[in-house]
$ cat work-v4.pdb   # PDB, C-alpha atoms
ATOM      1  CA  MET A1441      -1.423 -20.570  12.388
ATOM      2  CA  PHE A1442      -2.273 -18.794   9.097
ATOM      3  CA  GLU A1443      -5.738 -17.899  10.413
ATOM      4  CA  ASN A1444      -5.947 -14.527   8.635
ATOM      5  CA  ILE A1445      -5.149 -15.579   5.052
ATOM      6  CA  ASN A1446      -7.902 -14.110   2.865
ATOM      7  CA  ILE A1447      -8.323 -15.543  -0.629
ATOM      8  CA  TYR A1448     -10.488 -12.538  -1.575
ATOM      9  CA  SER A1449      -7.770  -9.946  -0.818
ATOM     10  CA  SER A1450      -6.049  -8.058  -3.640
ATOM     11  CA  VAL A1451      -2.741  -9.268  -2.176
ATOM     12  CA  ALA A1452      -1.765 -12.632  -3.712
ATOM     13  CA  VAL A1453      -2.155 -15.628  -1.375
ATOM     14  CA  TYR A1454       1.484 -16.750  -1.741
ATOM     15  CA  MET A1455       2.534 -13.224  -0.698
ATOM     16  CA  GLN A1456       0.164 -13.246   2.287
ATOM     17  CA  ILE A1457       1.713 -16.530   3.446
ATOM     18  CA  GLU A1458       5.248 -15.156   3.084
ATOM     19  CA  ASN A1459       4.268 -11.969   4.943
ATOM     20  CA  TYR A1460       2.488 -13.959   7.644
ATOM     21  CA  VAL A1461       5.654 -15.941   8.406
ATOM     22  CA  GLN A1462       7.924 -12.877   8.305
ATOM     23  CA  PHE A1463       5.613 -10.786  10.510
ATOM     24  CA  ALA A1464       5.168 -13.689  12.947
ATOM     25  CA  VAL A1465       8.931 -14.170  13.261
ATOM     26  CA  ALA A1466       9.447 -10.402  13.665
ATOM     27  CA  SER A1467       6.897 -10.299  16.499
ATOM     28  CA  ASP A1468       8.080 -13.545  18.195
ATOM     29  CA  ARG A1469       4.874 -15.456  17.447
ATOM     30  CA  LEU A1470       6.951 -17.996  15.507
ATOM     31  CA  LYS A1471      10.266 -19.087  16.986
ATOM     32  CA  ALA A1472      13.415 -20.782  15.688
ATOM     33  CA  GLY A1473      12.891 -24.527  15.232
ATOM     34  CA  GLU A1474       9.081 -24.360  15.010
ATOM     35  CA  ARG A1475       7.612 -26.489  12.251
ATOM     36  CA  LEU A1476       5.267 -25.014   9.650
ATOM     37  CA  PRO A1477       2.252 -27.070   8.515
ATOM     38  CA  SER A1478       3.053 -29.368   5.601
ATOM     39  CA  VAL A1479       2.154 -28.178   2.093
ATOM     40  CA  ARG A1480      -0.721 -30.660   2.035
ATOM     41  CA  GLU A1481      -2.070 -29.720   5.473
ATOM     42  CA  LEU A1482      -2.005 -26.004   4.733
ATOM     43  CA  SER A1483      -3.427 -26.420   1.246
ATOM     44  CA  GLU A1484      -6.390 -28.335   2.714
ATOM     45  CA  LYS A1485      -6.891 -25.840   5.537
ATOM     46  CA  LEU A1486      -6.803 -22.732   3.317
ATOM     47  CA  LYS A1487      -8.412 -24.455   0.315
ATOM     48  CA  VAL A1488      -5.728 -23.176  -2.043
ATOM     49  CA  ASN A1489      -3.605 -24.969  -4.613
ATOM     50  CA  PRO A1490      -0.643 -26.887  -3.094
ATOM     51  CA  ASN A1491       1.622 -25.198  -5.671
ATOM     52  CA  THR A1492       0.819 -21.828  -4.094
ATOM     53  CA  ILE A1493       1.935 -23.036  -0.658
ATOM     54  CA  ALA A1494       5.009 -24.709  -2.164
ATOM     55  CA  LYS A1495       5.979 -21.432  -3.860
ATOM     56  CA  SER A1496       5.724 -19.503  -0.564
ATOM     57  CA  TYR A1497       7.815 -22.076   1.290
ATOM     58  CA  ARG A1498      10.403 -22.090  -1.494
ATOM     59  CA  ASP A1499      10.631 -18.266  -1.441
ATOM     60  CA  LEU A1500      10.960 -18.278   2.358
ATOM     61  CA  GLU A1501      13.741 -20.844   2.044
ATOM     62  CA  VAL A1502      15.573 -18.701  -0.523
ATOM     63  CA  MET A1503      15.253 -15.731   1.890
ATOM     64  CA  GLY A1504      16.851 -17.918   4.576
ATOM     65  CA  ILE A1505      13.816 -17.703   6.864
ATOM     66  CA  VAL A1506      12.925 -21.414   6.817
ATOM     67  CA  TYR A1507      14.790 -24.627   6.047
ATOM     68  CA  THR A1508      13.540 -28.018   4.896
ATOM     69  CA  ARG A1509      14.476 -31.309   6.514
ATOM     70  CA  ARG A1510      13.640 -34.034   4.043
ATOM     71  CA  GLY A1511      10.846 -36.208   5.368
ATOM     72  CA  MET A1512      10.551 -34.064   8.516
ATOM     73  CA  GLY A1513       9.041 -30.777   7.286
ATOM     74  CA  VAL A1514       9.743 -27.070   7.032
ATOM     75  CA  PHE A1515      11.181 -25.257  10.067
ATOM     76  CA  ILE A1516      11.886 -21.680  11.131
ATOM     77  CA  ASN A1517      15.590 -20.916  10.889
ATOM     78  CA  ARG A1518      17.772 -19.720  13.770
ATOM     79  CA  ASN A1519      19.108 -16.177  14.230
ATOM     80  CA  ILE A1520      16.741 -14.548  11.767
ATOM     81  CA  GLU A1521      14.514 -12.543  14.159
ATOM     82  CA  ASP A1522      16.520  -9.325  13.785
ATOM     83  CA  LYS A1523      16.769  -9.704  10.017
ATOM     84  CA  CYS A1524      12.989 -10.244   9.815
ATOM     85  CA  LYS A1525      12.299  -7.279  12.082
ATOM     86  CA  VAL A1526      14.404  -4.892  10.020
ATOM     87  CA  GLU A1527      13.041  -6.291   6.746
ATOM     88  CA  CYS A1528       9.406  -5.912   7.918
ATOM     89  CA  ARG A1529      10.054  -2.383   9.146
ATOM     90  CA  ARG A1530      11.700  -1.377   5.864
ATOM     91  CA  ARG A1531       8.735  -2.697   3.935
ATOM     92  CA  ILE A1532       6.259  -0.945   6.215
ATOM     93  CA  ILE A1533       8.195   2.337   6.033
ATOM     94  CA  ALA A1534       8.192   2.147   2.221
ATOM     95  CA  ARG A1535       4.426   1.591   2.193
ATOM     96  CA  VAL A1536       3.710   4.328   4.751
ATOM     97  CA  ASN A1537       5.849   6.678   2.670
ATOM     98  CA  GLU A1538       3.885   5.829  -0.461
ATOM     99  CA  VAL A1539       0.494   6.385   1.148
ATOM    100  CA  VAL A1540       1.664   9.586   2.916
ATOM    101  CA  ALA A1541       2.897  10.980  -0.406
ATOM    102  CA  GLU A1542      -0.474  10.140  -1.964
ATOM    103  CA  ALA A1543      -2.313  11.722   0.970
ATOM    104  CA  ARG A1544      -0.186  14.856   0.699
ATOM    105  CA  SER A1545      -0.829  15.150  -3.007
ATOM    106  CA  ALA A1546      -4.575  14.675  -2.364
ATOM    107  CA  GLY A1547      -4.485  17.646   0.024
ATOM    108  CA  MET A1548      -4.691  15.757   3.319
ATOM    109  CA  SER A1549      -2.798  16.981   6.386
ATOM    110  CA  ALA A1550      -0.396  15.047   8.626
ATOM    111  CA  ALA A1551      -2.920  15.389  11.481
ATOM    112  CA  GLU A1552      -5.624  13.735   9.384
ATOM    113  CA  VAL A1553      -3.417  10.823   8.350
ATOM    114  CA  LYS A1554      -2.360  10.296  11.978
ATOM    115  CA  ALA A1555      -5.999  10.344  13.097
ATOM    116  CA  ILE A1556      -6.719   7.629  10.508
ATOM    117  CA  CYS A1557      -3.712   5.661  11.819
ATOM    118  CA  SER A1558      -5.070   5.847  15.357
ATOM    119  CA  ALA A1559      -8.519   4.713  14.260
ATOM    120  CA  CYS A1560      -6.986   1.829  12.296
ATOM    121  CA  PHE A1561      -4.848   0.798  15.278
ATOM    122  CA  ALA A1562      -7.915   0.922  17.514
ATOM    123  CA  SER A1563      -9.837  -1.380  15.148
ATOM    124  CA  ASP A1564      -9.144  -5.105  15.189
ATOM    125  CA  ALA A1565      -8.840  -5.463  11.428
ATOM    126  CA  GLU A1566      -6.567  -8.287  10.296
ATOM    127  CA  PRO A1567      -4.149  -7.676   7.424
ATOM    128  CA  TYR A1568      -5.797  -8.397   4.055
ATOM    129  CA  ALA A1569      -9.339  -8.281   5.459
ATOM    130  CA  ASP A1570     -11.765  -5.815   3.879
ATOM    131  CA  THR A1571     -11.560  -2.302   5.316
ATOM    132  CA  PRO A1572     -14.323  -1.901   7.930
ATOM    133  CA  GLU A1573     -17.071   0.534   6.873
ATOM    134  CA  SER A1574     -16.619   2.339  10.213
ATOM    135  CA  LEU A1575     -13.144   3.398   9.068
ATOM    136  CA  LEU A1576     -14.192   4.240   5.506
ATOM    137  CA  ALA A1577     -16.866   6.502   7.004
ATOM    138  CA  MET A1578     -14.031   8.829   8.062
ATOM    139  CA  ALA A1579     -13.712   9.723   4.372
ATOM    140  CA  LYS A1580     -16.909  11.733   4.597
ATOM    141  CA  MET A1581     -15.823  13.913   7.483
ATOM    142  CA  PRO A1582     -14.663  17.311   6.313
ATOM    143  CA  ALA A1583     -10.992  18.058   6.991
ATOM    144  CA  LYS A1584     -11.381  20.555   9.841
ATOM    145  CA  LYS A1585      -8.167  20.303  11.856
ATOM    146  CA  ALA A1586      -5.264  20.944   9.495
TER
ATOM    147  CA  MET B  83       1.380  18.690 -15.022
ATOM    148  CA  PHE B  84       2.165  14.981 -14.540
ATOM    149  CA  GLU B  85       5.667  15.817 -13.333
ATOM    150  CA  ASN B  86       5.882  13.002 -10.789
ATOM    151  CA  ILE B  87       4.973  10.018 -12.983
ATOM    152  CA  ASN B  88       7.689   7.409 -12.452
ATOM    153  CA  ILE B  89       7.978   4.614 -15.003
ATOM    154  CA  TYR B  90      10.186   2.650 -12.564
ATOM    155  CA  SER B  91       7.545   2.520  -9.798
ATOM    156  CA  SER B  92       5.776  -0.743  -8.940
ATOM    157  CA  VAL B  93       2.479   1.122  -9.488
ATOM    158  CA  ALA B  94       1.396   0.854 -13.145
ATOM    159  CA  VAL B  95       1.793   4.069 -15.164
ATOM    160  CA  TYR B  96      -1.881   4.178 -16.246
ATOM    161  CA  MET B  97      -2.816   3.965 -12.532
ATOM    162  CA  GLN B  98      -0.369   6.738 -11.603
ATOM    163  CA  ILE B  99      -1.951   8.979 -14.259
ATOM    164  CA  GLU B 100      -5.459   8.256 -12.986
ATOM    165  CA  ASN B 101      -4.353   8.879  -9.387
ATOM    166  CA  TYR B 102      -2.543  12.074 -10.387
ATOM    167  CA  VAL B 103      -5.724  13.522 -11.901
ATOM    168  CA  GLN B 104      -7.932  12.428  -8.989
ATOM    169  CA  PHE B 105      -5.520  13.731  -6.346
ATOM    170  CA  ALA B 106      -5.053  17.008  -8.244
ATOM    171  CA  VAL B 107      -8.822  17.541  -8.482
ATOM    172  CA  ALA B 108      -9.243  16.631  -4.783
ATOM    173  CA  SER B 109      -6.620  19.203  -3.783
ATOM    174  CA  ASP B 110      -7.789  21.944  -6.222
ATOM    175  CA  ARG B 111      -4.648  21.832  -8.344
ATOM    176  CA  LEU B 112      -6.842  20.924 -11.350
ATOM    177  CA  LYS B 113     -10.131  22.766 -11.763
ATOM    178  CA  ALA B 114     -13.347  22.200 -13.723
ATOM    179  CA  GLY B 115     -12.914  23.029 -17.406
ATOM    180  CA  GLU B 116      -9.117  22.702 -17.448
ATOM    181  CA  ARG B 117      -7.762  20.810 -20.432
ATOM    182  CA  LEU B 118      -5.466  17.796 -19.996
ATOM    183  CA  PRO B 119      -2.535  17.375 -22.400
ATOM    184  CA  SER B 120      -3.465  15.434 -25.530
ATOM    185  CA  VAL B 121      -2.655  11.727 -25.644
ATOM    186  CA  ARG B 122       0.178  12.455 -28.068
ATOM    187  CA  GLU B 123       1.664  15.335 -26.047
ATOM    188  CA  LEU B 124       1.635  13.357 -22.807
ATOM    189  CA  SER B 125       2.952  10.195 -24.429
ATOM    190  CA  GLU B 126       5.917  12.168 -25.813
ATOM    191  CA  LYS B 127       6.555  13.965 -22.513
ATOM    192  CA  LEU B 128       6.456  10.814 -20.359
ATOM    193  CA  LYS B 129       7.932   8.554 -23.054
ATOM    194  CA  VAL B 130       5.210   5.956 -22.572
ATOM    195  CA  ASN B 131       2.981   4.196 -25.093
ATOM    196  CA  PRO B 132       0.025   6.345 -26.277
ATOM    197  CA  ASN B 133      -2.296   3.390 -25.521
ATOM    198  CA  THR B 134      -1.380   3.707 -21.838
ATOM    199  CA  ILE B 135      -2.418   7.370 -21.770
ATOM    200  CA  ALA B 136      -5.562   6.592 -23.762
ATOM    201  CA  LYS B 137      -6.516   3.893 -21.247
ATOM    202  CA  SER B 138      -6.127   6.319 -18.310
ATOM    203  CA  TYR B 139      -8.211   8.989 -20.025
ATOM    204  CA  ARG B 140     -10.894   6.434 -20.924
ATOM    205  CA  ASP B 141     -11.041   5.167 -17.315
ATOM    206  CA  LEU B 142     -11.260   8.745 -15.999
ATOM    207  CA  GLU B 143     -14.098   9.405 -18.446
ATOM    208  CA  VAL B 144     -15.964   6.286 -17.257
ATOM    209  CA  MET B 145     -15.517   7.531 -13.670
ATOM    210  CA  GLY B 146     -17.070  10.847 -14.747
ATOM    211  CA  ILE B 147     -13.961  12.844 -13.847
ATOM    212  CA  VAL B 148     -13.138  14.064 -17.362
ATOM    213  CA  TYR B 149     -15.097  14.499 -20.588
ATOM    214  CA  THR B 150     -13.927  14.526 -24.198
ATOM    215  CA  ARG B 151     -14.884  17.191 -26.718
ATOM    216  CA  ARG B 152     -14.168  15.771 -30.125
ATOM    217  CA  GLY B 153     -11.386  17.702 -31.829
ATOM    218  CA  MET B 154     -10.942  19.921 -28.738
ATOM    219  CA  GLY B 155      -9.433  17.624 -26.115
ATOM    220  CA  VAL B 156     -10.064  16.139 -22.697
ATOM    221  CA  PHE B 157     -11.371  18.401 -19.922
ATOM    222  CA  ILE B 158     -11.973  18.179 -16.173
ATOM    223  CA  ASN B 159     -15.677  17.769 -15.419
ATOM    224  CA  ARG B 160     -17.742  20.108 -13.244
ATOM    225  CA  ASN B 161     -19.003  19.358  -9.730
ATOM    226  CA  ILE B 162     -16.694  16.417  -9.114
ATOM    227  CA  GLU B 163     -14.362  17.933  -6.476
ATOM    228  CA  ASP B 164     -16.303  16.505  -3.524
ATOM    229  CA  LYS B 165     -16.673  13.104  -5.158
ATOM    230  CA  CYS B 166     -12.912  13.022  -5.862
ATOM    231  CA  LYS B 167     -12.098  14.125  -2.310
ATOM    232  CA  VAL B 168     -14.218  11.401  -0.724
ATOM    233  CA  GLU B 169     -12.966   8.772  -3.198
ATOM    234  CA  CYS B 170      -9.309   9.684  -2.555
ATOM    235  CA  ARG B 171      -9.857   9.634   1.195
ATOM    236  CA  ARG B 172     -11.573   6.238   1.058
ATOM    237  CA  ARG B 173      -8.698   4.826  -0.924
ATOM    238  CA  ILE B 174      -6.107   6.309   1.436
ATOM    239  CA  ILE B 175      -7.992   5.034   4.505
ATOM    240  CA  ALA B 176      -8.096   1.525   3.015
ATOM    241  CA  ARG B 177      -4.347   1.610   2.367
ATOM    242  CA  VAL B 178      -3.504   3.045   5.797
ATOM    243  CA  ASN B 179      -5.654   0.327   7.352
ATOM    244  CA  GLU B 180      -3.800  -2.357   5.415
ATOM    245  CA  VAL B 181      -0.356  -1.107   6.381
ATOM    246  CA  VAL B 182      -1.395  -0.536  10.022
ATOM    247  CA  ALA B 183      -2.701  -4.107  10.222
ATOM    248  CA  GLU B 184       0.606  -5.342   8.778
ATOM    249  CA  ALA B 185       2.559  -3.184  11.239
ATOM    250  CA  ARG B 186       0.490  -4.476  14.148
ATOM    251  CA  SER B 187       1.027  -8.080  13.137
ATOM    252  CA  ALA B 188       4.791  -7.374  12.802
ATOM    253  CA  GLY B 189       4.819  -6.160  16.411
ATOM    254  CA  MET B 190       5.085  -2.405  15.756
ATOM    255  CA  SER B 191       3.317   0.087  18.038
ATOM    256  CA  ALA B 192       0.944   2.897  17.065
ATOM    257  CA  ALA B 193       3.555   5.398  18.286
ATOM    258  CA  GLU B 194       6.165   3.962  15.939
ATOM    259  CA  VAL B 195       3.868   4.044  12.914
ATOM    260  CA  LYS B 196       2.913   7.649  13.708
ATOM    261  CA  ALA B 197       6.577   8.597  14.034
ATOM    262  CA  ILE B 198       7.165   7.102  10.582
ATOM    263  CA  CYS B 199       4.151   9.072   9.270
ATOM    264  CA  SER B 200       5.618  12.303  10.631
ATOM    265  CA  ALA B 201       9.015  11.604   9.091
ATOM    266  CA  CYS B 202       7.370  10.801   5.756
ATOM    267  CA  PHE B 203       5.301  13.993   5.863
ATOM    268  CA  ALA B 204       8.449  15.980   6.670
ATOM    269  CA  SER B 205      10.255  14.498   3.660
ATOM    270  CA  ASP B 206       9.508  15.836   0.190
ATOM    271  CA  ALA B 207       9.067  12.435  -1.423
ATOM    272  CA  GLU B 208       6.708  12.397  -4.399
ATOM    273  CA  PRO B 209       4.207   9.541  -4.749
ATOM    274  CA  TYR B 210       5.732   6.597  -6.630
ATOM    275  CA  ALA B 211       9.315   7.800  -6.139
ATOM    276  CA  ASP B 212      11.735   5.410  -4.429
ATOM    277  CA  THR B 213      11.642   5.567  -0.636
ATOM    278  CA  PRO B 214      14.502   7.814   0.552
ATOM    279  CA  GLU B 215      17.277   5.929   2.396
ATOM    280  CA  SER B 216      16.945   8.447   5.250
ATOM    281  CA  LEU B 217      13.452   7.079   5.947
ATOM    282  CA  LEU B 218      14.407   3.420   5.474
ATOM    283  CA  ALA B 219      17.177   3.990   8.030
ATOM    284  CA  MET B 220      14.421   4.240  10.664
ATOM    285  CA  ALA B 221      14.007   0.464  10.235
ATOM    286  CA  LYS B 222      17.264  -0.054  12.087
ATOM    287  CA  MET B 223      16.304   1.917  15.167
ATOM    288  CA  PRO B 224      15.193  -0.352  18.014
ATOM    289  CA  ALA B 225      11.566   0.078  19.070
ATOM    290  CA  LYS B 226      12.049   1.864  22.390
ATOM    291  CA  LYS B 227       8.878   3.871  22.988
ATOM    292  CA  ALA B 228       5.899   1.495  22.903
TER
END

$ encode --input "work-v4.pdb" --output "structure tokens"
Amino acid sequence: MFENINIYSSVAVYMQIENYVQFAVASDRLKAGERLPSVRELSEKLKVNPNTIAKSYRDLEVMGIVYTRRGMGVFINRNIEDKCKVECRRRIIARVNEVVAEARSAGMSAAEVKAICSACFASDAEPYADTPESLLAMAKMPAKKA
Amino acid sequence: MFENINIYSSVAVYMQIENYVQFAVASDRLKAGERLPSVRELSEKLKVNPNTIAKSYRDLEVMGIVYTRRGMGVFINRNIEDKCKVECRRRIIARVNEVVAEARSAGMSAAEVKAICSACFASDAEPYADTPESLLAMAKMPAKKA
């Protein structure tokens, strides 16, 4: 669990942890009743400040995604899969829309952006990892098929 | 010029201005030798602090995209179209890769992300504008075609 948290990413670690849990619930990798690592365990594993982990868990609790049982730990809530799915999709749509609008205003075509999507899907890049040079190399190809 | 700067976006205004100039050069909407509005003109038009505009222009000068002629104004540099194109494409590839990795880890398929891309391209949304509700409504559709 939490294997792809990257402390060198431009996305804040607490946000990566919150996203990780939401994405995992949305894709059924984390199920209702499962226990998250304790703040101390996760802080030691990721080598980040315990306060960072505590903030993520607190935010997730406010969102209703996890609940705390005193002395027992932090658990995934019931009946939140659909909410997480829709929430993740809304966030992803908003981000795709932003990058598509940028691409359009930089003169790129829909075909080009879709080709980049395909290449990105074909790569095994984890969220928040550095972009592989093989993908960035597509930047140099002239835009032939519009 | 600078018609789509949105002070309510989560992207900082100085960054939007820098992106606007780079995207416009990459897509031939701004050409070598063209003059940008003065700091004062643009600050009055956008109703943002002159220091914000000055920071953007300074950054663009450091990047070699514009040059200042004292008493004359700020102008687009020569021979930077290709550099801007490649730079914009690299940035867009990195962002597509990030959102694709998020989508994958949230259980979305390549077909779904491409369908969202198409819908976003078909919409007239400007960069940094709010995501139209018509696009966000796609979040509610169940993922049928995998």

$ interface_residues --input "work-v4.pdb" --of "chain A" --to "chain B" --cutoff "8 Å" --atoms "only C-alpha atoms" --output "number ranges by chain"
A: 1462-1467, 1525-1530, 1532-1547, 1550, 1553-1554, 1556-1558, 1560-1561, 1565-1568, 1571, 1575-1580

$ calpha_fit_and_write --input "work-v4.pdb" --fixed "chain B" --moving "chain A" --output "tab-separated table (two decimals) with C-alpha atoms, keeping the file's coordinate frame"
chain	number	residue	atom	x	y	z
A	1441	MET	CA	1.38	18.70	-15.07
A	1442	PHE	CA	2.17	14.98	-14.56
A	1443	GLU	CA	5.68	15.83	-13.36
A	1444	ASN	CA	5.91	13.00	-10.82
A	1445	ILE	CA	4.98	10.01	-13.01
A	1446	ASN	CA	7.70	7.40	-12.47
A	1447	ILE	CA	7.99	4.60	-15.03
A	1448	TYR	CA	10.18	2.63	-12.59
A	1449	SER	CA	7.54	2.51	-9.82
A	1450	SER	CA	5.77	-0.76	-8.97
A	1451	VAL	CA	2.49	1.10	-9.51
A	1452	ALA	CA	1.40	0.84	-13.17
A	1453	VAL	CA	1.80	4.06	-15.19
A	1454	TYR	CA	-1.87	4.18	-16.26
A	1455	MET	CA	-2.82	3.97	-12.57
A	1456	GLN	CA	-0.36	6.72	-11.63
A	1457	ILE	CA	-1.94	8.98	-14.27
A	1458	GLU	CA	-5.46	8.24	-13.00
A	1459	ASN	CA	-4.36	8.86	-9.40
A	1460	TYR	CA	-2.54	12.05	-10.39
A	1461	VAL	CA	-5.72	13.51	-11.89
A	1462	GLN	CA	-7.93	12.41	-8.99
A	1463	PHE	CA	-5.52	13.71	-6.33
A	1464	ALA	CA	-5.06	16.99	-8.23
A	1465	VAL	CA	-8.82	17.53	-8.47
A	1466	ALA	CA	-9.25	16.62	-4.78
A	1467	SER	CA	-6.62	19.19	-3.78
A	1468	ASP	CA	-7.81	21.92	-6.21
A	1469	ARG	CA	-4.67	21.81	-8.35
A	1470	LEU	CA	-6.85	20.91	-11.34
A	1471	LYS	CA	-10.14	22.75	-11.76
A	1472	ALA	CA	-13.36	22.18	-13.71
A	1473	GLY	CA	-12.92	23.03	-17.40
A	1474	GLU	CA	-9.12	22.68	-17.42
A	1475	ARG	CA	-7.77	20.80	-20.41
A	1476	LEU	CA	-5.47	17.80	-19.99
A	1477	PRO	CA	-2.53	17.38	-22.40
A	1478	SER	CA	-3.47	15.46	-25.53
A	1479	VAL	CA	-2.65	11.73	-25.65
A	1480	ARG	CA	0.18	12.48	-28.08
A	1481	GLU	CA	1.64	15.35	-26.05
A	1482	LEU	CA	1.63	13.37	-22.82
A	1483	SER	CA	2.94	10.22	-24.45
A	1484	GLU	CA	5.91	12.19	-25.83
A	1485	LYS	CA	6.54	13.97	-22.53
A	1486	LEU	CA	6.45	10.82	-20.37
A	1487	LYS	CA	7.93	8.56	-23.07
A	1488	VAL	CA	5.20	5.96	-22.60
A	1489	ASN	CA	2.97	4.21	-25.11
A	1490	PRO	CA	0.02	6.36	-26.30
A	1491	ASN	CA	-2.29	3.41	-25.54
A	1492	THR	CA	-1.37	3.71	-21.86
A	1493	ILE	CA	-2.41	7.37	-21.78
A	1494	ALA	CA	-5.56	6.60	-23.78
A	1495	LYS	CA	-6.51	3.90	-21.26
A	1496	SER	CA	-6.13	6.32	-18.32
A	1497	TYR	CA	-8.21	9.00	-20.04
A	1498	ARG	CA	-10.88	6.44	-20.94
A	1499	ASP	CA	-11.03	5.18	-17.32
A	1500	LEU	CA	-11.25	8.75	-16.02
A	1501	GLU	CA	-14.09	9.40	-18.46
A	1502	VAL	CA	-15.95	6.29	-17.28
A	1503	MET	CA	-15.50	7.53	-13.67
A	1504	GLY	CA	-17.06	10.83	-14.75
A	1505	ILE	CA	-13.96	12.84	-13.85
A	1506	VAL	CA	-13.14	14.06	-17.37
A	1507	TYR	CA	-15.09	14.49	-20.60
A	1508	THR	CA	-13.94	14.55	-24.21
A	1509	ARG	CA	-14.89	17.22	-26.72
A	1510	ARG	CA	-14.18	15.83	-30.15
A	1511	GLY	CA	-11.39	17.76	-31.81
A	1512	MET	CA	-10.96	19.97	-28.72
A	1513	GLY	CA	-9.43	17.65	-26.11
A	1514	VAL	CA	-10.06	16.15	-22.69
A	1515	PHE	CA	-11.38	18.40	-19.91
A	1516	ILE	CA	-11.98	18.18	-16.16
A	1517	ASN	CA	-15.67	17.77	-15.43
A	1518	ARG	CA	-17.75	20.10	-13.25
A	1519	ASN	CA	-19.00	19.34	-9.73
A	1520	ILE	CA	-16.68	16.42	-9.12
A	1521	GLU	CA	-14.34	17.92	-6.47
A	1522	ASP	CA	-16.29	16.51	-3.53
A	1523	LYS	CA	-16.66	13.11	-5.17
A	1524	CYS	CA	-12.90	13.02	-5.85
A	1525	LYS	CA	-12.09	14.11	-2.31
A	1526	VAL	CA	-14.20	11.40	-0.72
A	1527	GLU	CA	-12.97	8.78	-3.20
A	1528	CYS	CA	-9.29	9.67	-2.54
A	1529	ARG	CA	-9.83	9.62	1.21
A	1530	ARG	CA	-11.56	6.23	1.07
A	1531	ARG	CA	-8.68	4.81	-0.92
A	1532	ILE	CA	-6.10	6.30	1.44
A	1533	ILE	CA	-7.98	5.03	4.51
A	1534	ALA	CA	-8.09	1.52	3.02
A	1535	ARG	CA	-4.34	1.61	2.39
A	1536	VAL	CA	-3.49	3.05	5.81
A	1537	ASN	CA	-5.65	0.33	7.36
A	1538	GLU	CA	-3.79	-2.35	5.43
A	1539	VAL	CA	-0.35	-1.11	6.41
A	1540	VAL	CA	-1.40	-0.53	10.06
A	1541	ALA	CA	-2.70	-4.10	10.26
A	1542	GLU	CA	0.60	-5.34	8.84
A	1543	ALA	CA	2.56	-3.17	11.28
A	1544	ARG	CA	0.48	-4.47	14.19
A	1545	SER	CA	1.02	-8.06	13.17
A	1546	ALA	CA	4.78	-7.37	12.84
A	1547	GLY	CA	4.81	-6.15	16.45
A	1548	MET	CA	5.08	-2.41	15.81
A	1549	SER	CA	3.30	0.08	18.07
A	1550	ALA	CA	0.93	2.90	17.09
A	1551	ALA	CA	3.54	5.41	18.32
A	1552	GLU	CA	6.15	3.96	15.97
A	1553	VAL	CA	3.86	4.04	12.95
A	1554	LYS	CA	2.90	7.65	13.73
A	1555	ALA	CA	6.57	8.60	14.06
A	1556	ILE	CA	7.16	7.10	10.60
A	1557	CYS	CA	4.16	9.07	9.29
A	1558	SER	CA	5.62	12.29	10.64
A	1559	ALA	CA	9.01	11.58	9.10
A	1560	CYS	CA	7.37	10.77	5.76
A	1561	PHE	CA	5.30	13.97	5.88
A	1562	ALA	CA	8.43	15.96	6.68
A	1563	SER	CA	10.24	14.49	3.65
A	1564	ASP	CA	9.48	15.83	0.19
A	1565	ALA	CA	9.06	12.43	-1.43
A	1566	GLU	CA	6.70	12.39	-4.41
A	1567	PRO	CA	4.21	9.53	-4.75
A	1568	TYR	CA	5.74	6.59	-6.64
A	1569	ALA	CA	9.32	7.79	-6.14
A	1570	ASP	CA	11.75	5.41	-4.44
A	1571	THR	CA	11.65	5.55	-0.65
A	1572	PRO	CA	14.50	7.80	0.55
A	1573	GLU	CA	17.26	5.91	2.40
A	1574	SER	CA	16.94	8.43	5.25
A	1575	LEU	CA	13.46	7.07	5.95
A	1576	LEU	CA	14.42	3.41	5.48
A	1577	ALA	CA	17.18	3.98	8.05
A	1578	MET	CA	14.42	4.23	10.68
A	1579	ALA	CA	14.01	0.47	10.25
A	1580	LYS	CA	17.25	-0.08	12.13
A	1581	MET	CA	16.29	1.90	15.20
A	1582	PRO	CA	15.16	-0.35	18.01
A	1583	ALA	CA	11.53	0.11	19.05
A	1584	LYS	CA	12.05	1.91	22.37
A	1585	LYS	CA	8.89	3.96	22.92
A	1586	ALA	CA	5.94	1.58	22.79

$ resolve_selection --input "work-v4.pdb" --expression "the PyMOL selection byres ((chain B and resi 129-141) around 10)" --output "VMD selection string"
chain B and resid 89 94 to 101 103 118 120 to 128 142 to 150 156 to 157

$ atom_distance --input "work-v4.pdb" --atom1 "CA of Phe84 in chain B" --atom2 "CA of Glu116 in chain B"
14.0 Å

$ atom_distance --input "work-v4.pdb" --atom1 "CA of Ala1472 in chain A" --atom2 "CA of Arg1510 in chain A"
17.6 Å

$ closest_residue --input "work-v4.pdb" --among "B:Arg160, B:Val93, B:Glu194, B:Asn88" --to "Lys113 in chain B" --atoms "only C-alpha atoms"
B:Arg160

$ atom_distance --input "work-v4.pdb" --atom1 "CA of Gly1473 in chain A" --atom2 "CA of Ile1445 in chain A"
22.6 Å

$ decode --input "work-v4.pdb" --residues "range 100-111 of chain B" --atoms "C-alpha atoms" --output "tab-separated table (two decimals), in the first residue's frame"
chain	number	residue	atom	x	y	z
B	100	GLU	CA	3.68	33.31	-19.17
B	101	ASN	CA	1.73	30.37	-20.61
B	102	TYR	CA	-0.41	32.69	-22.74
B	103	VAL	CA	2.67	34.19	-24.39
B	104	GLN	CA	4.38	30.81	-24.89
B	105	PHE	CA	1.25	29.16	-26.31
B	106	ALA	CA	0.57	32.16	-28.57
B	107	VAL	CA	4.12	32.08	-29.95
B	108	ALA	CA	3.91	28.28	-30.41
B	109	SER	CA	0.69	28.63	-32.40
B	110	ASP	CA	1.79	31.72	-34.42
B	111	ARG	CA	-0.74	34.06	-32.83
